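**Student:** One file: protein_18.txt (compact mmCIF, C-alpha atoms).
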```
# COMPACT_ATOMS: atom_id res chain seq x y z
CA MET A 209 -7.13 -8.21 33.69
CA VAL A 210 -3.37 -7.76 33.48
CA SER A 211 -1.51 -9.99 35.90
CA PHE A 212 2.07 -10.33 37.11
CA LYS A 213 3.33 -13.88 37.32
CA ARG A 214 6.21 -15.50 39.13
CA PRO A 215 8.62 -16.79 36.48
CA VAL A 216 8.94 -20.55 36.15
CA ALA A 217 11.96 -22.29 34.65
CA LEU A 218 11.53 -23.91 31.25
CA ALA A 219 10.69 -27.59 31.75
CA THR A 220 10.29 -28.68 28.13
CA ARG A 221 12.57 -28.45 25.11
CA SER A 222 10.96 -26.67 22.20
CA ARG A 223 12.23 -25.76 18.77
CA VAL A 224 12.59 -22.09 17.85
CA SER A 225 12.92 -21.13 14.19
CA VAL A 226 14.69 -17.83 13.56
CA VAL A 227 14.19 -16.08 10.23
CA VAL A 228 17.01 -13.64 9.40
CA PRO A 229 16.25 -11.28 6.48
CA CYS A 230 19.49 -9.95 5.08
CA TYR A 231 20.39 -7.24 2.61
CA ASN A 232 24.04 -6.15 2.54
CA TYR A 233 24.48 -7.14 6.20
CA GLY A 234 26.52 -10.28 5.63
CA HIS A 235 29.36 -8.98 7.82
CA TYR A 236 27.01 -9.21 10.83
CA LEU A 237 25.93 -12.81 10.19
CA PRO A 238 28.81 -14.65 11.93
CA GLN A 239 28.19 -12.83 15.21
CA LEU A 240 24.42 -13.14 14.91
CA THR A 241 24.50 -16.91 14.31
CA GLN A 242 26.98 -17.36 17.15
CA TYR A 243 24.56 -15.64 19.54
CA LEU A 244 21.58 -17.61 18.24
CA LEU A 245 23.24 -21.00 18.44
CA ASP A 246 24.30 -20.31 22.03
CA GLN A 247 20.76 -20.29 23.41
CA PRO A 248 20.35 -22.81 26.25
CA GLY A 249 17.13 -24.75 26.84
CA VAL A 250 15.79 -24.63 23.27
CA ASP A 251 16.67 -26.13 19.91
CA VAL A 252 17.34 -23.38 17.37
CA ASP A 253 17.26 -23.51 13.59
CA ILE A 254 18.14 -20.47 11.49
CA LEU A 255 16.93 -19.54 8.02
CA ILE A 256 18.87 -16.67 6.43
CA VAL A 257 16.94 -15.07 3.57
CA ASP A 258 19.26 -13.04 1.39
CA ASP A 259 17.41 -10.49 -0.73
CA ALA A 260 19.85 -10.46 -3.65
CA SER A 261 22.52 -8.55 -1.74
CA PRO A 262 25.21 -7.21 -4.08
CA ASP A 263 27.89 -7.24 -1.35
CA GLY A 264 28.41 -11.01 -1.09
CA SER A 265 26.15 -11.55 1.93
CA ALA A 266 24.76 -14.73 0.36
CA ASP A 267 28.27 -16.18 0.18
CA VAL A 268 28.79 -15.49 3.90
CA ALA A 269 25.46 -17.15 4.69
CA THR A 270 26.34 -20.16 2.53
CA ARG A 271 29.66 -20.66 4.32
CA LEU A 272 27.94 -20.49 7.69
CA ALA A 273 25.33 -23.04 6.58
CA ALA A 274 28.05 -25.37 5.32
CA GLY A 275 29.58 -25.36 8.81
CA ASP A 276 26.42 -26.02 10.82
CA SER A 277 23.36 -28.06 9.84
CA ARG A 278 21.13 -25.83 11.96
CA ILE A 279 21.63 -22.98 9.47
CA SER A 280 19.98 -22.88 6.05
CA VAL A 281 19.89 -20.23 3.34
CA LEU A 282 17.25 -18.97 0.93
CA LYS A 283 18.59 -16.75 -1.85
CA HIS A 284 16.48 -14.35 -3.89
CA ALA A 285 17.61 -14.11 -7.49
CA VAL A 286 16.33 -10.52 -7.65
CA ASN A 287 15.63 -8.04 -4.90
CA GLN A 288 12.05 -8.35 -3.64
CA GLY A 289 11.97 -5.93 -0.72
CA HIS A 290 11.86 -6.54 2.99
CA ILE A 291 8.20 -7.54 3.39
CA GLN A 292 8.41 -10.29 0.79
CA THR A 293 11.71 -11.37 2.30
CA TYR A 294 10.04 -11.66 5.72
CA ASN A 295 7.15 -13.66 4.33
CA ASP A 296 9.32 -15.99 2.26
CA GLY A 297 11.19 -16.94 5.41
CA LEU A 298 8.22 -17.14 7.76
CA SER A 299 6.27 -19.34 5.36
CA ARG A 300 9.08 -21.94 5.32
CA VAL A 301 10.04 -22.45 8.96
CA THR A 302 8.46 -25.16 11.10
CA GLY A 303 9.49 -24.48 14.70
CA ASP A 304 7.13 -24.40 17.67
CA TYR A 305 8.07 -20.76 18.13
CA ILE A 306 9.26 -18.22 15.58
CA VAL A 307 11.51 -15.16 15.66
CA LEU A 308 12.05 -12.60 12.89
CA LEU A 309 15.43 -11.00 13.55
CA SER A 310 17.24 -8.43 11.43
CA ALA A 311 20.76 -9.46 10.48
CA ASP A 312 22.30 -6.59 12.46
CA ASP A 313 20.45 -7.27 15.73
CA LEU A 314 21.27 -9.82 18.44
CA LEU A 315 19.52 -11.92 21.08
CA PRO A 316 21.36 -12.21 24.41
CA ARG A 317 22.04 -15.66 25.79
CA GLY A 318 18.93 -17.12 27.42
CA ALA A 319 16.47 -14.74 25.76
CA LEU A 320 14.69 -17.49 23.81
CA ALA A 321 14.32 -19.81 26.79
CA ARG A 322 12.93 -17.00 28.91
CA ALA A 323 10.26 -16.15 26.32
CA VAL A 324 9.39 -19.77 25.57
CA ALA A 325 9.06 -20.57 29.29
CA LEU A 326 6.32 -17.95 29.59
CA MET A 327 4.38 -19.30 26.60
CA GLU A 328 4.79 -22.91 27.71
CA ARG A 329 3.21 -21.94 31.02
CA HIS A 330 0.48 -19.71 29.51
CA HIS A 331 -0.92 -21.28 26.36
CA SER A 332 -3.22 -18.34 25.60
CA VAL A 333 -0.22 -16.06 24.95
CA GLY A 334 0.49 -15.56 21.26
CA PHE A 335 3.76 -13.65 21.55
CA VAL A 336 6.22 -12.49 24.19
CA TYR A 337 8.41 -9.41 24.22
CA GLY A 338 10.68 -7.60 26.66
CA TYR A 339 13.20 -4.80 26.89
CA ALA A 340 15.22 -4.22 23.71
CA ARG A 341 18.40 -2.28 24.39
CA SER A 342 19.96 -0.19 21.66
CA PHE A 343 23.70 -0.30 21.08
CA SER A 344 26.42 0.59 18.59
CA GLY A 345 29.83 -0.95 18.24
CA GLU A 346 30.45 -4.00 20.39
CA PRO A 347 27.42 -5.57 22.11
CA PRO A 348 27.26 -4.76 25.83
CA GLU A 349 27.02 -7.13 28.78
CA VAL A 350 23.39 -7.21 29.83
CA GLU A 351 21.15 -8.13 32.75
CA ALA A 352 19.80 -11.70 32.63
CA ARG A 353 17.76 -11.99 35.84
CA VAL A 354 13.99 -12.26 35.36
CA ARG A 355 12.02 -10.16 37.84
CA ASN A 356 8.56 -11.36 36.82
CA TRP A 357 6.25 -11.97 33.89
CA THR A 358 3.36 -9.82 32.72
CA VAL A 359 0.39 -11.42 30.98
CA TRP A 360 -2.21 -9.14 29.39
CA PRO A 361 -5.55 -10.17 27.95
CA GLY A 362 -5.09 -9.24 24.29
CA LEU A 363 -7.85 -6.64 24.35
CA GLN A 364 -6.30 -4.88 27.32
CA TRP A 365 -2.93 -4.71 25.57
CA LEU A 366 -4.67 -3.33 22.46
CA ARG A 367 -6.37 -0.72 24.62
CA ALA A 368 -3.03 0.44 26.02
CA SER A 369 -1.58 0.69 22.52
CA ALA A 370 -4.59 2.60 21.21
CA ARG A 371 -4.65 5.07 24.10
CA GLN A 372 -1.01 5.90 23.45
CA GLY A 373 -1.36 5.71 19.67
CA ARG A 374 1.87 3.82 19.30
CA CYS A 375 3.56 0.46 19.10
CA LEU A 376 4.77 -0.73 22.50
CA ILE A 377 7.39 -3.02 20.99
CA SER A 378 10.74 -2.47 19.26
CA SER A 379 10.29 -5.86 17.47
CA PRO A 380 13.62 -7.76 17.60
CA GLU A 381 12.69 -8.99 21.09
CA VAL A 382 9.46 -10.71 20.01
CA VAL A 383 9.15 -14.49 20.14
CA MET A 384 5.90 -15.65 18.54
CA ARG A 385 4.00 -18.87 18.95
CA ALA A 386 3.84 -20.62 15.58
CA ASP A 387 0.12 -21.34 16.03
CA ALA A 388 -0.50 -17.60 16.49
CA LEU A 389 1.38 -16.75 13.31
CA HIS A 390 -0.60 -19.35 11.37
CA ASP A 391 -3.79 -17.91 12.85
CA VAL A 392 -3.21 -14.25 11.92
CA GLY A 393 -1.18 -14.69 8.73
CA LEU A 394 1.98 -13.15 7.33
CA TYR A 395 3.11 -9.54 6.93
CA ASP A 396 0.89 -7.17 4.99
CA PRO A 397 2.70 -5.81 1.90
CA ARG A 398 0.53 -2.69 2.07
CA LEU A 399 2.36 -1.68 5.24
CA PRO A 400 6.07 -1.54 4.40
CA HIS A 401 6.81 0.79 7.32
CA SER A 402 4.39 -0.44 9.98
CA GLY A 403 4.19 -4.15 9.22
CA ASP A 404 5.48 -5.15 12.66
CA PHE A 405 2.92 -2.94 14.40
CA ASP A 406 0.16 -4.42 12.28
CA MET A 407 1.32 -7.93 13.17
CA TRP A 408 1.21 -7.25 16.91
CA LEU A 409 -2.20 -5.55 16.68
CA ARG A 410 -3.69 -8.45 14.72
CA THR A 411 -2.23 -11.01 17.11
CA ALA A 412 -3.34 -9.20 20.26
CA ALA A 413 -6.87 -9.09 18.84
CA ARG A 414 -6.95 -12.91 19.07
CA TRP A 415 -4.32 -13.91 21.61
CA ASP A 416 -3.02 -12.77 24.97
CA VAL A 417 0.32 -10.96 25.21
CA GLY A 418 3.25 -11.72 27.51
CA ARG A 419 6.32 -9.80 28.60
CA VAL A 420 9.50 -10.93 30.34
CA ASN A 421 10.37 -8.19 32.84
CA GLY A 422 13.89 -7.51 34.04
CA PRO A 423 16.45 -8.79 31.55
CA VAL A 424 17.43 -7.39 28.18
CA GLN A 425 15.61 -9.59 25.67
CA ALA A 426 17.20 -8.16 22.51
CA LEU A 427 20.05 -5.95 21.40
CA ARG A 428 19.04 -3.52 18.67
CA ARG A 429 21.97 -2.16 16.70
CA VAL A 430 21.64 1.54 15.90
CA GLN A 431 22.74 2.25 12.35
CA GLU A 432 23.63 5.63 10.89
CA VAL A 433 20.49 5.51 8.75
CA ASP A 434 18.36 5.28 11.90
CA ARG A 435 18.96 9.00 12.45
CA HIS A 436 16.21 9.83 9.96
CA LEU A 437 13.72 8.52 12.51
CA THR A 438 14.44 11.51 14.72
CA ALA A 439 13.67 14.03 12.00
CA ARG A 440 10.31 15.77 12.24
CA ALA A 441 9.38 14.80 8.68
CA GLY A 442 10.11 11.18 9.58
CA MET A 443 7.82 11.54 12.57
CA LEU A 444 4.99 12.69 10.34
CA ALA A 445 5.43 9.70 8.05
CA ASP A 446 5.57 7.39 11.07
CA LEU A 447 2.32 8.83 12.43
CA ALA A 448 0.62 8.23 9.09
CA GLU A 449 1.82 4.62 9.02
CA ARG A 450 0.59 3.98 12.55
CA ARG A 451 -2.79 5.46 11.68
CA ARG A 452 -3.02 3.17 8.67
CA ALA A 453 -2.22 0.09 10.76
CA PHE A 454 -4.91 1.02 13.29
CA GLU A 455 -7.46 1.66 10.53
CA LEU A 456 -6.86 -1.75 8.97
CA LEU A 457 -7.44 -3.36 12.36
CA PHE A 458 -10.75 -1.57 12.83
CA THR A 459 -12.10 -1.73 9.28
CA GLU A 460 -10.68 -4.92 7.84
CA HIS A 461 -9.19 -7.36 10.34
CA GLU A 462 -11.74 -7.07 13.17
CA PRO A 463 -14.65 -5.01 11.77
CA ASP A 464 -17.38 -6.89 13.65
CA ARG A 465 -15.93 -6.72 17.16
CA LEU A 466 -17.44 -3.74 18.91
CA GLU A 467 -15.01 -3.94 21.83
CA ILE A 468 -12.14 -3.38 19.39
CA GLY A 469 -14.02 -0.80 17.33
CA ARG A 470 -14.40 1.33 20.44
CA LEU A 471 -10.64 1.80 20.47
CA ARG A 472 -10.71 3.75 17.22
CA THR A 473 -11.53 7.10 18.84
CA PRO A 474 -8.81 6.98 21.52
CA ALA A 475 -6.26 5.81 18.94
CA ARG A 476 -7.02 8.68 16.58
CA ARG A 477 -7.06 11.16 19.46
CA ALA A 478 -3.64 9.99 20.66
CA LEU A 479 -2.15 10.22 17.18
CA ALA A 480 -3.57 13.71 16.65
CA ARG A 481 -2.24 15.03 19.93
CA GLU A 482 1.17 13.55 19.31
CA SER A 483 1.25 15.30 15.95
CA LEU A 484 0.36 18.61 17.59
CA ARG A 485 3.21 18.15 20.06
CA HIS A 486 5.55 17.71 17.10
CA ALA A 487 4.11 20.85 15.54
CA LEU A 488 4.81 22.80 18.72
CA ASN A 489 8.37 21.54 18.90
CA ALA A 490 8.98 22.24 15.21
CA HIS A 491 7.57 25.76 15.62
CA ARG A 492 9.74 26.42 18.67
CA GLU A 493 12.86 25.17 16.89
CA GLN A 494 12.07 27.29 13.81
CA GLU A 495 11.79 24.35 11.46
CA PRO A 496 10.14 24.85 8.05
CA ARG A 497 6.62 26.23 8.27
CA ASP A 498 5.34 23.59 5.84
CA LEU A 499 6.42 20.89 8.27
CA VAL A 500 4.63 22.59 11.17
CA LEU A 501 1.48 22.94 9.06
CA GLY A 502 1.79 19.34 7.93
CA HIS A 503 1.65 18.12 11.51
CA ILE A 504 -1.32 20.35 12.28
CA ASP A 505 -3.15 19.22 9.15
CA PHE A 506 -2.51 15.59 10.09
CA ALA A 507 -3.89 16.21 13.59
CA LEU A 508 -7.06 17.87 12.32
CA GLU A 509 -7.61 15.19 9.68
CA THR A 510 -7.11 12.41 12.22
CA ASP A 511 -9.23 13.90 15.01
CA PRO A 512 -11.03 17.20 14.27
CA SER A 513 -11.94 17.58 17.95
CA VAL A 514 -8.34 18.53 18.78
CA GLU A 515 -9.11 22.02 17.47
CA SER A 516 -10.90 22.71 20.76
CA THR A 517 -7.94 21.67 22.93
CA LEU A 518 -5.48 23.95 24.66
CA LEU A 519 -2.69 22.07 22.90
CA PHE A 520 -4.05 23.21 19.53
CA GLN A 521 -4.47 26.77 20.76
CA TRP A 522 -0.78 26.86 21.66
CA CYS A 523 0.22 26.33 18.02
CA GLU A 524 0.30 30.07 17.16
CA ILE A 525 -0.76 29.37 13.59
CA GLY A 526 -3.61 30.40 11.29
CA PRO A 527 -6.71 31.71 13.11
CA LEU A 528 -4.93 31.37 16.46
CA ALA A 529 -1.76 33.21 15.45
CA ASP A 530 -2.21 35.77 18.22
CA ARG A 531 -1.95 33.12 20.93
CA ARG A 532 1.33 32.86 22.78
CA LEU A 533 3.16 29.64 23.42
CA PRO A 534 3.91 28.88 27.06
CA ALA A 535 7.43 29.60 28.25
CA ALA A 536 9.95 27.51 26.34
CA SER A 537 11.82 26.49 29.48
CA ALA A 538 8.64 25.23 31.17
CA ARG A 539 7.65 23.30 28.05
CA ARG A 540 11.08 21.76 27.78
CA LEU A 541 11.16 20.66 31.42
CA ALA A 542 7.67 19.19 31.15
CA ALA A 543 8.61 17.30 27.98
CA GLN A 544 11.78 15.95 29.55
CA ALA A 545 9.91 14.79 32.64
CA ARG A 546 7.22 13.12 30.57
CA HIS A 547 9.81 11.40 28.36
CA HIS A 548 11.68 10.10 31.42
CA LEU A 549 8.51 8.74 33.00
CA LEU A 550 7.50 7.03 29.76
CA TRP A 551 10.96 5.52 29.41
CA ARG A 552 10.89 4.15 32.96
CA ARG A 553 7.43 2.67 32.42
CA ASP A 554 8.43 1.11 29.11
CA ARG A 555 11.63 -0.28 30.60
CA ARG A 556 9.82 -1.88 33.53
CA TYR A 557 6.40 -2.89 32.20
CA GLY A 558 6.39 -2.48 28.42
CA THR A 559 3.33 -0.19 28.23
```
Once you've parsed the file, please lay out its structure as structure tokens.

**Tutor:**
Amino acid sequence: MVSFKRPVALATRSRVSVVVPCYNYGHYLPQLTQYLLDQPGVDVDILIVDDASPDGSADVATRLAAGDSRISVLKHAVNQGHIQTYNDGLSRVTGDYIVLLSADDLLPRGALARAVALMERHHSVGFVYGYARSFSGEPPEVEARVRNWTVWPGLQWLRASARQGRCLISSPEVVMRADALHDVGLYDPRLPHSGDFDMWLRTAARWDVGRVNGPVQALRRVQEVDRHLTARAGMLADLAERRRAFELLFTEHEPDRLEIGRLRTPARRALARESLRHALNAHREQEPRDLVLGHIDFALETDPSVESTLLFQWCEIGPLADRRLPAASARRLAAQARHHLLWRRDRRYGT
């Protein structure tokens, strides 16, 4: 059962290996390494993996490594893509704990010690996460006080993820126990857009999950290209990737565990209903009809039982075209309230 723990200060000194995949983000590397090397209570080594960046990122990384023995560089002669870049780095580091951190993200001072302290106290925990704050421009000053720790049995954390049909983690905030990574293996190249989610699902199937509550555990830089994630078409692709990650968990990674297999129905139901909500919003905002139909088709394919729900009947499409959507203002207020409640829950508890 999920439990809240009183935080305990880190009493040991562990080594944390940070893998930094980099493609054309060399201009962020000096700030990133400065933040990483200013982490009290742990010994940090950094491996920058440059994926054949044409902008000179490898030269920046090489200069940084020449100035500090804790930094090393792996250079790809040709571009191999982000999943292979992740795996090349993760397969080479030897720390007690491991972080995979994009070159444009940052870890606030003390974040590593806070995560390691939890895992040093609770040896069943395979990875720890926390609140990841988004930012643009200069990194903000952030809260550092730990309120408490949450420790979930892995199956219970999986159940929460399945019932919501989504990943509960942004990913830059994760610190993983090296033994857990060796247990579950590297990133799956079949999942270029949901590899992180797949990693957390596989790990939670075998290990417990921890969260540091209170402080900001990572700073996620919002790039201009991130805007595509808010587009409805991007949402549809994201839903499909999440469904694929869940299906691999149920059919390939843990096919013989009935307690995990039982999560398949709630996961598919949650994904289908989320897709219908996107269809409703797209319809209301007069987005292309093909996009609306795409979301409805995805919902029916994922969970045919949604056709009997009121949510489906509100879609005003096909055989139900004569149905009327509820008042737009009421829908909008309800959606805003739900989003705010979800945000507050995520911010405080992570689920």

**Student:** By how many Å are CA of Tyr339 in chain A and CA of Trp365 in chain A apart?

**Tutor:**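 Spanning CA of Tyr339 in chain A to CA of Trp365 in chain A is a straight-line distance of 16.2 Å.
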
**Student:** Report as JSON lines: every residue of range 371-477 of chain A with an atom at most 9 Å from range 296-320 of chain A, its closest pair of atoms, and their distance in Å to one decimal, counting only C-alpha atoms, with rows sorted by chain and ascending residue number.

**Tutor:**
```
{"residue": "A:Ser379", "atom": "CA", "partner": "A:Leu309", "partner_atom": "CA", "distance": 8.3}
{"residue": "A:Pro380", "atom": "CA", "partner": "A:Leu309", "partner_atom": "CA", "distance": 5.5}
{"residue": "A:Glu381", "atom": "CA", "partner": "A:Leu315", "partner_atom": "CA", "distance": 7.4}
{"residue": "A:Val382", "atom": "CA", "partner": "A:Val307", "partner_atom": "CA", "distance": 6.6}
{"residue": "A:Val383", "atom": "CA", "partner": "A:Val307", "partner_atom": "CA", "distance": 5.1}
{"residue": "A:Met384", "atom": "CA", "partner": "A:Ile306", "partner_atom": "CA", "distance": 5.2}
{"residue": "A:Arg385", "atom": "CA", "partner": "A:Tyr305", "partner_atom": "CA", "distance": 4.6}
{"residue": "A:Ala386", "atom": "CA", "partner": "A:Tyr305", "partner_atom": "CA", "distance": 4.9}
{"residue": "A:Asp387", "atom": "CA", "partner": "A:Asp304", "partner_atom": "CA", "distance": 7.8}
{"residue": "A:Leu389", "atom": "CA", "partner": "A:Ile306", "partner_atom": "CA", "distance": 8.3}
{"residue": "A:Leu394", "atom": "CA", "partner": "A:Leu298", "partner_atom": "CA", "distance": 7.4}
{"residue": "A:Pro423", "atom": "CA", "partner": "A:Ala319", "partner_atom": "CA", "distance": 8.3}
{"residue": "A:Val424", "atom": "CA", "partner": "A:Pro316", "partner_atom": "CA", "distance": 7.3}
{"residue": "A:Gln425", "atom": "CA", "partner": "A:Ala319", "partner_atom": "CA", "distance": 5.2}
{"residue": "A:Ala426", "atom": "CA", "partner": "A:Leu315", "partner_atom": "CA", "distance": 4.6}
{"residue": "A:Leu427", "atom": "CA", "partner": "A:Leu314", "partner_atom": "CA", "distance": 5.0}
{"residue": "A:Arg428", "atom": "CA", "partner": "A:Asp313", "partner_atom": "CA", "distance": 5.0}
{"residue": "A:Arg429", "atom": "CA", "partner": "A:Asp313", "partner_atom": "CA", "distance": 5.4}
{"residue": "A:Val430", "atom": "CA", "partner": "A:Asp312", "partner_atom": "CA", "distance": 8.9}
{"residue": "A:Gln431", "atom": "CA", "partner": "A:Asp312", "partner_atom": "CA", "distance": 8.9}
```

**Student:** Kindly give the distance, in Å, that separates CA of Asp251 in chain A and CA of Arg223 in chain A, rounded to a single decimal.

**Tutor:** 4.6 Å

**Student:** With only C-alpha atoms as the counted atoms, please give the residues lying no more than 9 Å from Ala480 in chain A, apart from itself and same-chain residues fewer than 6 positions off, as a PyMOL selection string.

**Tutor:** chain A and resi 373+447+503-504+506-512+514

**Student:** Applying 10 Å and all atoms listed in the file, which residues near Ser369 in chain A remain after dropping the ones on its own chain fewer than 5 positions away? List them as a count of residues only.

**Tutor:** 14

**Student:** Taking into account only C-alpha atoms, which residue in the set A:Leu466, A:Asn489, A:His401, A:Ala352 is nearest to Ala448 in chain A?

**Tutor:**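 Result for the nearest residue to Ala448 in chain A: A:His401.
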
**Student:** Rounded to one decimal in Å, what is the spacing between CA of Leu326 in chain A and CA of Asp396 in chain A?

**Tutor:** 27.4 Å

**Student:** Which residue is closest to Val333 in chain A? Choose from A:Leu484, A:Val359, A:Leu501, A:Ala285 and count only C-alpha atoms.

**Tutor:**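 Going through A:Leu484, A:Val359, A:Leu501, A:Ala285 one by one, the smallest distance to Val333 in chain A is for A:Val359.
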
**Student:** Env of range 263-269 of chain A: 8 Å cut, atoms = all atoms listed in the file, seq-sep filter 6 positions within chain, self excluded. Answer as number ranges by chain.

**Tutor:** A: 230-235, 237, 256, 281, 283

**Student:** Which of these, A:Glu449, A:Asp416, A:Glu493, A:Glu515, has the shortest distance to Met327 in chain A once you count all atoms listed in the file?

**Tutor:** A:Asp416

**Student:** Here is a test: counting all atoms listed in the file, which residue of A:Arg322, A:Arg278, A:Arg414, A:Arg221 is nearest to Glu462 in chain A?

**Tutor:**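 Closest to Glu462 in chain A of all the choices is A:Arg414.
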
**Student:** For Tyr337 in chain A, which residue out of A:Ser261, A:Asn295, A:Ser277, A:Asn421 is the nearest one, using all atoms listed in the file?

**Tutor:**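 Closest candidate: A:Asn421.
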
**Student:** Nearest residue to Ser280 in chain A out of A:Gln292, A:Ser378, A:Thr241, A:Ser516, using all atoms listed in the file?

**Tutor:**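 Closest candidate: A:Thr241.
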
**Student:** My structure is short of atoms at range 251-264 of chain A; please model N, CA, C and O atoms there, returning them as a PDB file, in the coordinates of the input.

**Tutor:**
```pdb
ATOM      1  N   ASP A 251      15.998 -25.741  21.147  1.00  0.00           N
ATOM      2  CA  ASP A 251      16.670 -26.130  19.910  1.00  0.00           C
ATOM      3  C   ASP A 251      16.410 -25.054  18.868  1.00  0.00           C
ATOM      4  O   ASP A 251      15.248 -24.720  18.591  1.00  0.00           O
ATOM      5  N   VAL A 252      17.451 -24.512  18.288  1.00  0.00           N
ATOM      6  CA  VAL A 252      17.340 -23.380  17.370  1.00  0.00           C
ATOM      7  C   VAL A 252      17.697 -23.811  15.961  1.00  0.00           C
ATOM      8  O   VAL A 252      18.701 -24.502  15.742  1.00  0.00           O
ATOM      9  N   ASP A 253      16.872 -23.432  14.993  1.00  0.00           N
ATOM     10  CA  ASP A 253      17.260 -23.510  13.590  1.00  0.00           C
ATOM     11  C   ASP A 253      17.149 -22.118  12.990  1.00  0.00           C
ATOM     12  O   ASP A 253      16.294 -21.318  13.395  1.00  0.00           O
ATOM     13  N   ILE A 254      18.025 -21.812  12.047  1.00  0.00           N
ATOM     14  CA  ILE A 254      18.140 -20.470  11.490  1.00  0.00           C
ATOM     15  C   ILE A 254      17.974 -20.529   9.980  1.00  0.00           C
ATOM     16  O   ILE A 254      18.633 -21.328   9.310  1.00  0.00           O
ATOM     17  N   LEU A 255      17.081 -19.688   9.460  1.00  0.00           N
ATOM     18  CA  LEU A 255      16.930 -19.540   8.020  1.00  0.00           C
ATOM     19  C   LEU A 255      17.326 -18.115   7.646  1.00  0.00           C
ATOM     20  O   LEU A 255      16.658 -17.154   8.030  1.00  0.00           O
ATOM     21  N   ILE A 256      18.434 -17.980   6.916  1.00  0.00           N
ATOM     22  CA  ILE A 256      18.870 -16.670   6.430  1.00  0.00           C
ATOM     23  C   ILE A 256      18.281 -16.475   5.037  1.00  0.00           C
ATOM     24  O   ILE A 256      18.478 -17.308   4.149  1.00  0.00           O
ATOM     25  N   VAL A 257      17.540 -15.385   4.869  1.00  0.00           N
ATOM     26  CA  VAL A 257      16.940 -15.070   3.570  1.00  0.00           C
ATOM     27  C   VAL A 257      17.669 -13.874   2.999  1.00  0.00           C
ATOM     28  O   VAL A 257      17.497 -12.746   3.471  1.00  0.00           O
ATOM     29  N   ASP A 258      18.496 -14.129   1.999  1.00  0.00           N
ATOM     30  CA  ASP A 258      19.260 -13.040   1.390  1.00  0.00           C
ATOM     31  C   ASP A 258      18.470 -12.459   0.219  1.00  0.00           C
ATOM     32  O   ASP A 258      18.103 -13.170  -0.718  1.00  0.00           O
ATOM     33  N   ASP A 259      18.227 -11.151   0.289  1.00  0.00           N
ATOM     34  CA  ASP A 259      17.410 -10.490  -0.730  1.00  0.00           C
ATOM     35  C   ASP A 259      18.268  -9.923  -1.856  1.00  0.00           C
ATOM     36  O   ASP A 259      18.276  -8.719  -2.105  1.00  0.00           O
ATOM     37  N   ALA A 260      18.996 -10.818  -2.512  1.00  0.00           N
ATOM     38  CA  ALA A 260      19.850 -10.460  -3.650  1.00  0.00           C
ATOM     39  C   ALA A 260      20.846  -9.361  -3.293  1.00  0.00           C
ATOM     40  O   ALA A 260      21.018  -8.383  -4.026  1.00  0.00           O
ATOM     41  N   SER A 261      21.518  -9.542  -2.163  1.00  0.00           N
ATOM     42  CA  SER A 261      22.520  -8.550  -1.740  1.00  0.00           C
ATOM     43  C   SER A 261      23.675  -8.504  -2.736  1.00  0.00           C
ATOM     44  O   SER A 261      24.223  -9.546  -3.097  1.00  0.00           O
ATOM     45  N   PRO A 262      24.082  -7.301  -3.147  1.00  0.00           N
ATOM     46  CA  PRO A 262      25.210  -7.210  -4.080  1.00  0.00           C
ATOM     47  C   PRO A 262      26.579  -7.256  -3.400  1.00  0.00           C
ATOM     48  O   PRO A 262      27.600  -7.218  -4.079  1.00  0.00           O
ATOM     49  N   ASP A 263      26.613  -7.331  -2.066  1.00  0.00           N
ATOM     50  CA  ASP A 263      27.890  -7.240  -1.350  1.00  0.00           C
ATOM     51  C   ASP A 263      28.474  -8.595  -0.959  1.00  0.00           C
ATOM     52  O   ASP A 263      29.441  -8.648  -0.198  1.00  0.00           O
ATOM     53  N   GLY A 264      27.882  -9.693  -1.439  1.00  0.00           N
ATOM     54  CA  GLY A 264      28.410 -11.010  -1.090  1.00  0.00           C
ATOM     55  C   GLY A 264      27.834 -11.596   0.177  1.00  0.00           C
ATOM     56  O   GLY A 264      28.362 -12.588   0.694  1.00  0.00           O
TER      57      GLY A 264
END
```
